[in-house]
file target24.txt (compact mmCIF, C-alpha atoms)
# COMPACT_ATOMS: atom_id res chain seq x y z
CA MET P 245 18.89 0.13 -7.39
CA THR P 246 19.42 3.62 -8.80
CA THR P 247 16.12 5.45 -8.98
CA ASP P 248 16.94 7.49 -12.11
CA ILE P 249 16.67 4.29 -14.17
CA PRO P 250 13.14 3.19 -15.17
CA LEU P 251 11.88 -0.26 -14.30
CA THR P 252 13.34 -2.88 -16.57
CA GLN P 253 11.23 -4.97 -18.92
CA SER P 254 11.99 -8.04 -16.81
CA GLN P 255 10.59 -6.27 -13.74
CA LEU P 256 7.46 -5.21 -15.62
CA ASP P 257 7.04 -8.76 -16.91
CA ALA P 258 7.50 -10.20 -13.40
CA PHE P 259 4.75 -7.97 -12.04
CA VAL P 260 2.32 -9.08 -14.73
CA ARG P 261 3.24 -12.75 -14.17
CA ASP P 262 3.37 -12.84 -10.37
CA GLY P 263 1.02 -10.04 -9.32
CA PHE P 264 3.68 -8.39 -7.16
CA LEU P 265 7.10 -6.79 -7.55
CA HIS P 266 9.73 -6.20 -4.86
CA ILE P 267 12.00 -3.22 -5.64
CA PRO P 268 14.89 -3.13 -3.16
CA GLY P 269 16.30 0.20 -2.01
CA PHE P 270 14.06 2.32 -4.23
CA ILE P 271 13.37 5.13 -1.75
CA PRO P 272 16.49 6.96 -0.47
CA GLU P 273 16.97 7.84 3.18
CA SER P 274 16.51 11.55 2.42
CA GLU P 275 12.88 10.81 1.48
CA LEU P 276 12.17 8.65 4.53
CA ALA P 277 13.33 10.74 7.48
CA GLN P 278 10.33 13.07 7.80
CA PRO P 279 7.63 10.44 7.09
CA ASP P 280 9.39 8.26 9.66
CA SER P 281 9.08 10.94 12.35
CA ASP P 282 5.54 11.92 11.36
CA SER P 283 4.36 8.32 11.34
CA ILE P 284 5.58 7.81 14.91
CA ALA P 285 3.66 10.91 16.01
CA LEU P 286 0.46 9.67 14.34
CA ILE P 287 0.79 6.21 15.92
CA GLU P 288 1.40 7.70 19.36
CA ARG P 289 -1.64 9.93 18.92
CA GLY P 290 -3.78 6.85 18.36
CA LEU P 291 -2.24 5.01 21.28
CA ASN P 292 -2.88 7.93 23.61
CA ASP P 293 -6.43 8.61 22.36
CA PRO P 294 -8.21 5.58 20.84
CA GLU P 295 -11.20 7.80 20.03
CA VAL P 296 -9.16 10.36 18.03
CA ASP P 297 -11.29 9.86 14.87
CA ASP P 298 -12.41 7.06 12.59
CA ARG P 299 -9.27 7.15 10.44
CA TRP P 300 -7.34 5.54 13.32
CA LEU P 301 -8.22 1.84 13.17
CA TYR P 302 -7.96 -0.91 15.79
CA GLN P 303 -8.43 -4.68 16.10
CA ASP P 304 -8.75 -7.05 19.02
CA ASP P 305 -5.94 -9.40 19.99
CA PRO P 306 -7.61 -12.30 21.82
CA GLU P 307 -4.30 -14.12 22.27
CA THR P 308 -2.93 -11.51 24.68
CA GLY P 309 -6.09 -9.79 25.89
CA GLN P 310 -5.10 -6.59 24.09
CA ASP P 311 -8.60 -5.37 23.28
CA HIS P 312 -7.76 -2.25 21.28
CA CYS P 313 -4.76 -3.03 19.10
CA HIS P 314 -3.75 -0.12 16.88
CA TYR P 315 -2.81 -1.13 13.30
CA ARG P 316 -3.77 1.44 10.62
CA ILE P 317 -4.31 5.16 9.93
CA ASN P 318 -6.20 6.14 6.77
CA GLY P 319 -6.30 9.33 4.75
CA ILE P 320 -2.66 10.35 5.21
CA LEU P 321 -2.78 12.70 2.18
CA LYS P 322 -5.60 14.76 3.66
CA ASP P 323 -5.03 18.44 4.41
CA ASP P 324 -4.83 17.91 8.18
CA MET P 325 -2.11 15.26 7.89
CA PRO P 326 1.66 15.94 7.82
CA PRO P 327 2.74 17.07 4.33
CA SER P 328 5.68 14.65 4.33
CA PHE P 329 3.32 11.94 3.03
CA GLN P 330 2.47 14.13 0.03
CA MET P 331 6.17 14.73 -0.55
CA LEU P 332 6.88 11.00 -0.52
CA MET P 333 4.02 10.08 -2.82
CA ALA P 334 5.14 12.76 -5.33
CA TYR P 335 8.76 11.54 -5.41
CA PRO P 336 9.37 11.68 -9.20
CA PRO P 337 11.09 8.27 -9.64
CA LEU P 338 8.22 6.63 -7.75
CA LEU P 339 5.58 8.18 -9.98
CA THR P 340 7.64 7.34 -13.07
CA ALA P 341 7.62 3.70 -11.94
CA VAL P 342 3.85 3.84 -11.32
CA SER P 343 3.31 5.28 -14.80
CA LYS P 344 5.35 2.48 -16.37
CA LEU P 345 3.41 -0.16 -14.46
CA MET P 346 0.18 1.52 -15.64
CA ASN P 347 1.38 1.42 -19.26
CA GLY P 348 1.33 5.22 -19.34
CA ASP P 349 -2.38 5.55 -18.50
CA HIS P 350 -3.55 8.52 -16.41
CA PHE P 351 -3.49 7.46 -12.74
CA ALA P 352 -4.19 8.79 -9.25
CA THR P 353 -3.93 7.63 -5.66
CA SER P 354 -7.38 7.11 -4.16
CA VAL P 355 -6.52 5.30 -0.89
CA HIS P 356 -3.52 6.27 1.23
CA SER P 357 -2.72 4.77 4.60
CA LEU P 358 -0.09 4.08 7.22
CA VAL P 359 -0.24 0.38 8.15
CA PHE P 360 1.87 -1.02 10.96
CA LYS P 361 2.48 -3.88 13.36
CA LEU P 362 3.26 -2.80 16.88
CA PRO P 363 5.82 -4.74 18.92
CA HIS P 364 4.59 -7.95 20.57
CA HIS P 365 0.94 -7.69 19.45
CA GLY P 366 0.94 -6.50 15.85
CA VAL P 367 -2.25 -7.88 14.34
CA PRO P 368 -2.14 -10.11 11.26
CA ALA P 369 -3.52 -9.27 7.84
CA LEU P 370 -5.60 -12.39 7.16
CA TRP P 371 -5.38 -13.94 3.71
CA HIS P 372 -7.31 -11.71 1.33
CA GLN P 373 -7.59 -9.93 -1.96
CA ASP P 374 -7.98 -6.17 -1.65
CA PRO P 375 -11.72 -5.53 -2.05
CA VAL P 376 -11.57 -3.76 -5.41
CA ARG P 377 -13.39 -5.18 -8.40
CA ILE P 378 -11.20 -4.21 -11.34
CA PHE P 379 -12.07 -4.16 -15.02
CA HIS P 380 -8.77 -3.25 -16.69
CA PHE P 381 -5.52 -4.62 -15.24
CA PRO P 382 -3.44 -3.40 -13.48
CA VAL P 383 -4.73 -1.79 -10.31
CA PHE P 384 -2.27 -1.96 -7.44
CA ASN P 385 -0.92 -0.75 -4.12
CA VAL P 386 2.54 0.71 -3.70
CA ASP P 387 3.93 -0.27 -0.28
CA ILE P 388 6.87 1.78 1.02
CA TYR P 389 8.71 0.26 3.97
CA LEU P 390 9.87 2.48 6.82
CA ASP P 391 11.23 -0.51 8.74
CA GLU P 392 12.77 -3.87 8.04
CA ALA P 393 10.10 -6.53 7.56
CA THR P 394 11.11 -10.09 8.45
CA THR P 395 9.49 -13.45 8.91
CA GLU P 396 9.75 -12.79 12.65
CA ASN P 397 7.87 -9.46 12.63
CA GLY P 398 5.18 -10.35 10.11
CA CYS P 399 6.43 -9.61 6.60
CA LEU P 400 4.18 -9.90 3.57
CA ARG P 401 3.42 -13.37 2.23
CA VAL P 402 1.87 -13.77 -1.22
CA PHE P 403 0.69 -16.40 -3.68
CA PRO P 404 2.33 -15.61 -7.03
CA GLY P 405 -0.08 -15.75 -9.94
CA SER P 406 -3.22 -15.70 -7.79
CA HIS P 407 -4.17 -12.30 -9.23
CA LEU P 408 -4.90 -13.86 -12.63
CA ALA P 409 -8.35 -15.00 -11.49
CA GLY P 410 -9.37 -11.39 -10.81
CA TYR P 411 -11.13 -10.30 -7.63
CA GLN P 412 -13.40 -13.02 -6.24
CA ASN P 413 -15.95 -11.60 -3.82
CA PRO P 414 -15.83 -13.86 -0.73
CA ARG P 415 -19.62 -13.69 -0.39
CA HIS P 416 -20.00 -15.27 -3.83
CA HIS P 417 -16.88 -17.44 -3.87
CA PRO P 418 -16.16 -18.34 -0.23
CA GLU P 419 -13.71 -21.14 -1.10
CA PHE P 420 -11.49 -19.09 -3.41
CA ILE P 421 -8.96 -18.05 -0.75
CA ASN P 422 -8.82 -21.57 0.69
CA SER P 423 -8.10 -22.94 -2.78
CA TRP P 424 -4.75 -21.14 -2.52
CA THR P 425 -4.00 -21.38 1.18
CA GLY P 426 -5.25 -24.92 1.82
CA GLY P 427 -6.85 -23.52 4.95
CA ASP P 428 -3.47 -22.77 6.53
CA ASP P 429 -2.87 -19.47 8.29
CA GLU P 430 -0.67 -16.55 7.23
CA ALA P 431 2.44 -18.04 8.84
CA SER P 432 2.15 -21.62 7.64
CA ALA P 433 0.65 -21.87 4.14
CA SER P 434 3.38 -23.78 2.34
CA ASP P 435 2.93 -22.38 -1.18
CA ALA P 436 3.02 -18.73 -0.11
CA VAL P 437 6.17 -16.73 -0.77
CA ALA P 438 7.57 -14.56 2.03
CA VAL P 439 8.83 -11.14 0.91
CA PRO P 440 11.26 -9.75 3.51
CA THR P 441 12.18 -6.11 3.00
CA GLN P 442 14.62 -3.46 4.17
CA ARG P 443 13.90 0.18 4.98
CA GLY P 444 13.37 2.03 1.70
CA ASP P 445 12.21 -1.03 -0.24
CA VAL P 446 9.00 -0.89 -2.24
CA ILE P 447 6.56 -3.69 -2.94
CA VAL P 448 3.96 -3.21 -5.65
CA HIS P 449 1.10 -5.68 -5.35
CA ALA P 450 -1.93 -6.11 -7.58
CA THR P 451 -5.13 -5.70 -5.62
CA SER P 452 -6.33 -9.13 -6.74
CA VAL P 453 -3.27 -11.10 -5.60
CA VAL P 454 -3.91 -13.30 -2.55
CA HIS P 455 -1.71 -11.98 0.24
CA GLY P 456 -1.49 -11.59 3.99
CA SER P 457 0.93 -11.35 6.89
CA PRO P 458 1.10 -13.08 10.29
CA TRP P 459 1.19 -11.76 13.83
CA ASN P 460 4.15 -9.70 14.98
CA ARG P 461 5.21 -11.22 18.28
CA SER P 462 8.71 -9.73 18.05
CA ALA P 463 10.04 -6.58 19.70
CA ASP P 464 10.12 -4.81 16.31
CA LEU P 465 7.92 -2.04 15.01
CA ARG P 466 7.02 -2.66 11.35
CA ARG P 467 5.58 0.32 9.40
CA THR P 468 4.46 0.53 5.78
CA ILE P 469 3.03 3.46 3.83
CA TYR P 470 0.37 2.36 1.32
CA TYR P 471 -0.68 4.29 -1.77
CA HIS P 472 -3.42 2.63 -3.83
CA PHE P 473 -3.40 3.69 -7.48
CA ASP P 474 -6.32 3.61 -9.91
CA HIS P 475 -6.10 4.43 -13.63
CA ARG P 476 -8.48 5.90 -16.15
CA SER P 477 -9.02 2.81 -18.35
CA ASP P 478 -10.30 0.87 -15.33
CA VAL P 479 -12.28 3.80 -13.92
CA GLN P 480 -14.18 4.27 -17.18
CA LEU P 481 -15.43 0.68 -16.97
CA ALA P 482 -16.14 0.53 -13.25
CA GLY P 483 -19.16 2.80 -12.98
CA GLN P 484 -20.03 4.00 -9.49
CA ARG P 485 -17.91 1.48 -7.64
CA TRP P 486 -15.47 2.17 -4.83
CA PRO P 487 -12.77 3.42 -5.08
CA GLN P 488 -12.92 4.14 -8.81
CA ALA P 489 -15.89 6.50 -8.38
CA ALA P 490 -13.60 8.86 -6.44
CA PHE P 491 -11.11 9.17 -9.31
CA ASP P 492 -11.65 12.91 -9.86
CA ASP P 493 -10.98 13.61 -6.19
CA ALA P 494 -7.96 11.30 -6.31
CA VAL P 495 -6.58 13.19 -9.32
CA ALA P 496 -6.93 16.46 -7.41
CA ILE P 497 -5.13 15.00 -4.37
CA THR P 498 -2.35 13.58 -6.55
CA ARG P 499 -1.89 16.83 -8.48
CA LYS P 500 -1.84 18.86 -5.27
CA ALA P 501 0.90 16.65 -3.82
CA ILE P 502 3.01 17.02 -6.96
CA GLU P 503 2.57 20.79 -6.92
CA TYR P 504 3.43 20.96 -3.23
CA ARG P 505 6.60 18.95 -3.75
CA ALA P 506 7.57 21.21 -6.66
CA SER P 507 7.19 24.26 -4.39
CA GLN P 508 9.53 22.67 -1.85
CA HIS P 509 12.08 21.38 -4.41
CA PRO P 510 12.22 24.09 -7.12
CA SER P 511 15.42 22.65 -8.64
CA GLU P 512 13.93 19.16 -9.02
CA GLN P 513 12.23 18.04 -12.22
CA PRO P 514 8.69 17.12 -11.12
CA PHE P 515 6.78 14.21 -12.52
CA ALA P 516 4.91 15.34 -15.65
CA TYR P 517 1.37 14.75 -14.43
CA PRO P 518 -1.37 15.31 -17.03
CA THR P 519 -3.33 18.55 -16.80
CA ILE P 520 -6.58 17.01 -18.08

call {"tool": "encode", "arguments": {"input": "target24.txt", "output": "structure tokens"}}
result
Amino acid sequence: MTTDIPLTQSQLDAFVRDGFLHIPGFIPESELAQPDSDSIALIERGLNDPEVDDRWLYQDDPETGQDHCHYRINGILKDDMPPSFQMLMAYPPLLTAVSKLMNGDHFATSVHSLVFKLPHHGVPALWHQDPVRIFHFPVFNVDIYLDEATTENGCLRVFPGSHLAGYQNPRHHPEFINSWTGGDDEASASDAVAVPTQRGDVIVHATSVVHGSPWNRSADLRRTIYYHFDHRSDVQLAGQRWPQAAFDDAVAITRKAIEYRASQHPSEQPFAYPTI
């Protein structure tokens, strides 16, 4: 796919219908090299010092006895993080695609993370909806792949159309996820669609779509950069709920990243982010 061409109407329609959109080859290699290197350094920091700070997250792996399995680093657009993640988020074709998916509404990234599956004991993402109660569709994550994701190393699996029910709090609707999965796990639910990816692919998934990914028992490292995007029409209805309540801060973070990228690429046309 050539990134100077906006998303087609068929792609926009597919996202609304299915709750996710796979965009092959959207991010060029020139945009991936520095985040690739920086992500390895952040992962190694967490492996060497499990108490680094609470943005470095871990799970237990009872199947192998790995009791501190590293899988996620939050807040990658913060000032003390490598600026390559700001540069990537502010890539103009990416933000143009986000704007189209948001129907032109003012948007910002409020959650930004590096999520990964380490070789041999990469923890699963259990079937879930992202815990965001939304009031004005769409709200979504943009997932940028630094590595190939396969059925062997735990690629995303998703239930198309499951987003149409909206977010169902598991405390109030404990059977909702099982109504889609039939109680089967992330590797075996028969109606789920696997979404293998290549390096540079992007998956956009609505927060309310039922999705997950199984264990990585392969020798592969599988890394994904996540940017969660909110938009003003939803924020105005959400009240003081997370993450919409942080929209002003998210706007400032998004604008700062765009301005930083513009300072590093003066000949590039930056994304026209609203000044309001």

call {"tool": "closest_atom_pairs", "arguments": {"input": "target24.txt", "of": "range 300-350 of chain P", "to": "range 466-478 of chain P", "cutoff": "12 Å", "atoms": "only C-alpha atoms", "output": "Markdown table"}}
result
| residue | atom | partner | partner_atom | distance |
| --- | --- | --- | --- | --- |
| P:His314 | CA | P:Arg467 | CA | 12.0 |
| P:Tyr315 | CA | P:Arg467 | CA | 9.4 |
| P:Arg316 | CA | P:Arg467 | CA | 9.5 |
| P:Ile317 | CA | P:Ile469 | CA | 9.7 |
| P:Asn318 | CA | P:Tyr470 | CA | 9.3 |
| P:Gly319 | CA | P:Tyr471 | CA | 10.0 |
| P:Ile320 | CA | P:Ile469 | CA | 9.0 |
| P:Leu321 | CA | P:Tyr471 | CA | 9.5 |
| P:Ser328 | CA | P:Ile469 | CA | 11.5 |
| P:Phe329 | CA | P:Ile469 | CA | 8.5 |
| P:Gln330 | CA | P:Tyr471 | CA | 10.5 |
| P:Leu332 | CA | P:Ile469 | CA | 9.5 |
| P:Met333 | CA | P:Tyr471 | CA | 7.5 |
| P:Ala334 | CA | P:Tyr471 | CA | 10.9 |
| P:Leu338 | CA | P:Tyr471 | CA | 11.0 |
| P:Leu339 | CA | P:Phe473 | CA | 10.3 |
| P:Ala341 | CA | P:Phe473 | CA | 11.9 |
| P:Val342 | CA | P:Phe473 | CA | 8.2 |
| P:Ser343 | CA | P:His475 | CA | 9.5 |
| P:Lys344 | CA | P:His475 | CA | 11.9 |
| P:Leu345 | CA | P:Phe473 | CA | 10.5 |
| P:Met346 | CA | P:His475 | CA | 7.2 |
| P:Asn347 | CA | P:His475 | CA | 9.8 |
| P:Gly348 | CA | P:His475 | CA | 9.4 |
| P:Asp349 | CA | P:His475 | CA | 6.2 |
| P:His350 | CA | P:His475 | CA | 5.6 |

call {"tool": "residues_around", "arguments": {"input": "target24.txt", "residues": "range 509-515 of chain P", "least_positions_apart": "4", "cutoff": "10 Å", "atoms": "only C-alpha atoms", "output": "VMD selection string"}}
result
chain P and resid 331 334 to 340 343 499 502 to 505

call {"tool": "residues_around", "arguments": {"input": "target24.txt", "residues": "range 421-430 of chain P", "least_positions_apart": "4", "cutoff": "8 Å", "atoms": "only C-alpha atoms", "output": "compact mmCIF listing (two decimals) with C-alpha atoms, in the coordinates of the input"}}
result
# COMPACT_ATOMS: atom_id res chain seq x y z
CA PRO P 368 -2.14 -10.11 11.26
CA ALA P 369 -3.52 -9.27 7.84
CA LEU P 370 -5.60 -12.39 7.16
CA TRP P 371 -5.38 -13.94 3.71
CA HIS P 372 -7.31 -11.71 1.33
CA ARG P 401 3.42 -13.37 2.23
CA PHE P 403 0.69 -16.40 -3.68
CA SER P 406 -3.22 -15.70 -7.79
CA SER P 434 3.38 -23.78 2.34
CA ASP P 435 2.93 -22.38 -1.18
CA ALA P 436 3.02 -18.73 -0.11
CA VAL P 454 -3.91 -13.30 -2.55
CA GLY P 456 -1.49 -11.59 3.99
CA SER P 457 0.93 -11.35 6.89
CA PRO P 458 1.10 -13.08 10.29

call {"tool": "residues_near_point", "arguments": {"input": "target24.txt", "point": "(4.5, 6.3, 12.6)", "cutoff": "12 Å", "atoms": "only C-alpha atoms", "output": "ChimeraX atom specification"}}
result
/P:276-291,300,314-317,320,326,328-329,357-362,389-391,465-469

call {"tool": "closest_residue", "arguments": {"input": "target24.txt", "among": "P:Val448, P:Ala494, P:Ala438, P:Leu408", "to": "Thr395 in chain P", "atoms": "all atoms listed in the file"}}
result
P:Ala438

call {"tool": "atom_distance", "arguments": {"input": "target24.txt", "atom1": "CA of Arg443 in chain P", "atom2": "CA of Pro272 in chain P"}}
result
9.1 Å

call {"tool": "atom_distance", "arguments": {"input": "target24.txt", "atom1": "CA of Val296 in chain P", "atom2": "CA of Thr451 in chain P"}}
result
28.9 Å

call {"tool": "closest_atom_pairs", "arguments": {"input": "target24.txt", "of": "range 319-408 of chain P", "to": "range 264-268 of chain P", "cutoff": "10 Å", "atoms": "only C-alpha atoms", "output": "JSON lines"}}
result
{"residue": "P:Phe384", "atom": "CA", "partner": "P:Phe264", "partner_atom": "CA", "distance": 8.8}
{"residue": "P:Asn385", "atom": "CA", "partner": "P:Phe264", "partner_atom": "CA", "distance": 9.4}
{"residue": "P:Val386", "atom": "CA", "partner": "P:Leu265", "partner_atom": "CA", "distance": 9.6}
{"residue": "P:Asp387", "atom": "CA", "partner": "P:His266", "partner_atom": "CA", "distance": 9.5}
{"residue": "P:Ile388", "atom": "CA", "partner": "P:Ile267", "partner_atom": "CA", "distance": 9.8}
{"residue": "P:Val402", "atom": "CA", "partner": "P:Phe264", "partner_atom": "CA", "distance": 8.2}
{"residue": "P:Phe403", "atom": "CA", "partner": "P:Phe264", "partner_atom": "CA", "distance": 9.2}
{"residue": "P:Pro404", "atom": "CA", "partner": "P:Phe264", "partner_atom": "CA", "distance": 7.3}
{"residue": "P:Gly405", "atom": "CA", "partner": "P:Phe264", "partner_atom": "CA", "distance": 8.7}
{"residue": "P:His407", "atom": "CA", "partner": "P:Phe264", "partner_atom": "CA", "distance": 9.0}

call {"tool": "decode", "arguments": {"input": "target24.txt", "residues": "range 341-359 of chain P", "atoms": "N, CA and C atoms", "output": "PDB file, in the first residue's frame"}}
result
ATOM      1  N   ALA P 341      -4.838   8.783   8.288  1.00  0.00           N
ATOM      2  CA  ALA P 341      -5.712   7.612   8.360  1.00  0.00           C
ATOM      3  C   ALA P 341      -6.568   7.652   9.621  1.00  0.00           C
ATOM      4  N   VAL P 342      -5.958   8.014  10.763  1.00  0.00           N
ATOM      5  CA  VAL P 342      -6.724   8.124  12.014  1.00  0.00           C
ATOM      6  C   VAL P 342      -7.852   9.136  11.858  1.00  0.00           C
ATOM      7  N   SER P 343      -7.545  10.282  11.268  1.00  0.00           N
ATOM      8  CA  SER P 343      -8.556  11.321  11.079  1.00  0.00           C
ATOM      9  C   SER P 343      -9.713  10.815  10.224  1.00  0.00           C
ATOM     10  N   LYS P 344      -9.395  10.070   9.174  1.00  0.00           N
ATOM     11  CA  LYS P 344     -10.460   9.530   8.325  1.00  0.00           C
ATOM     12  C   LYS P 344     -11.318   8.536   9.092  1.00  0.00           C
ATOM     13  N   LEU P 345     -10.678   7.684   9.871  1.00  0.00           N
ATOM     14  CA  LEU P 345     -11.434   6.717  10.660  1.00  0.00           C
ATOM     15  C   LEU P 345     -12.291   7.402  11.713  1.00  0.00           C
ATOM     16  N   MET P 346     -11.858   8.567  12.184  1.00  0.00           N
ATOM     17  CA  MET P 346     -12.604   9.361  13.169  1.00  0.00           C
ATOM     18  C   MET P 346     -13.609  10.310  12.515  1.00  0.00           C
ATOM     19  N   ASN P 347     -13.799  10.178  11.209  1.00  0.00           N
ATOM     20  CA  ASN P 347     -14.725  11.050  10.487  1.00  0.00           C
ATOM     21  C   ASN P 347     -14.368  12.522  10.635  1.00  0.00           C
ATOM     22  N   GLY P 348     -13.065  12.813  10.772  1.00  0.00           N
ATOM     23  CA  GLY P 348     -12.592  14.182  10.837  1.00  0.00           C
ATOM     24  C   GLY P 348     -12.698  14.829  12.196  1.00  0.00           C
ATOM     25  N   ASP P 349     -13.176  14.118  13.218  1.00  0.00           N
ATOM     26  CA  ASP P 349     -13.312  14.705  14.550  1.00  0.00           C
ATOM     27  C   ASP P 349     -11.926  14.928  15.162  1.00  0.00           C
ATOM     28  N   HIS P 350     -11.836  15.895  16.071  1.00  0.00           N
ATOM     29  CA  HIS P 350     -10.584  16.175  16.773  1.00  0.00           C
ATOM     30  C   HIS P 350     -10.231  14.984  17.654  1.00  0.00           C
ATOM     31  N   PHE P 351      -8.998  14.497  17.564  1.00  0.00           N
ATOM     32  CA  PHE P 351      -8.592  13.272  18.249  1.00  0.00           C
ATOM     33  C   PHE P 351      -7.266  13.485  18.957  1.00  0.00           C
ATOM     34  N   ALA P 352      -6.943  12.529  19.840  1.00  0.00           N
ATOM     35  CA  ALA P 352      -5.650  12.548  20.536  1.00  0.00           C
ATOM     36  C   ALA P 352      -5.366  11.149  21.045  1.00  0.00           C
ATOM     37  N   THR P 353      -4.076  10.869  21.247  1.00  0.00           N
ATOM     38  CA  THR P 353      -3.692   9.566  21.790  1.00  0.00           C
ATOM     39  C   THR P 353      -3.518   9.664  23.298  1.00  0.00           C
ATOM     40  N   SER P 354      -4.317   8.890  24.028  1.00  0.00           N
ATOM     41  CA  SER P 354      -4.332   8.982  25.488  1.00  0.00           C
ATOM     42  C   SER P 354      -3.637   7.810  26.165  1.00  0.00           C
ATOM     43  N   VAL P 355      -3.449   6.702  25.465  1.00  0.00           N
ATOM     44  CA  VAL P 355      -2.734   5.546  26.003  1.00  0.00           C
ATOM     45  C   VAL P 355      -1.746   5.113  24.928  1.00  0.00           C
ATOM     46  N   HIS P 356      -0.501   4.873  25.336  1.00  0.00           N
ATOM     47  CA  HIS P 356       0.541   4.562  24.355  1.00  0.00           C
ATOM     48  C   HIS P 356       1.517   3.592  24.998  1.00  0.00           C
ATOM     49  N   SER P 357       1.660   2.425  24.358  1.00  0.00           N
ATOM     50  CA  SER P 357       2.372   1.318  24.997  1.00  0.00           C
ATOM     51  C   SER P 357       3.155   0.508  23.971  1.00  0.00           C
ATOM     52  N   LEU P 358       4.176  -0.163  24.475  1.00  0.00           N
ATOM     53  CA  LEU P 358       4.879  -1.205  23.746  1.00  0.00           C
ATOM     54  C   LEU P 358       4.440  -2.532  24.338  1.00  0.00           C
ATOM     55  N   VAL P 359       3.829  -3.385  23.518  1.00  0.00           N
ATOM     56  CA  VAL P 359       3.320  -4.679  23.972  1.00  0.00           C
ATOM     57  C   VAL P 359       4.058  -5.763  23.189  1.00  0.00           C
TER      58      VAL P 359
END
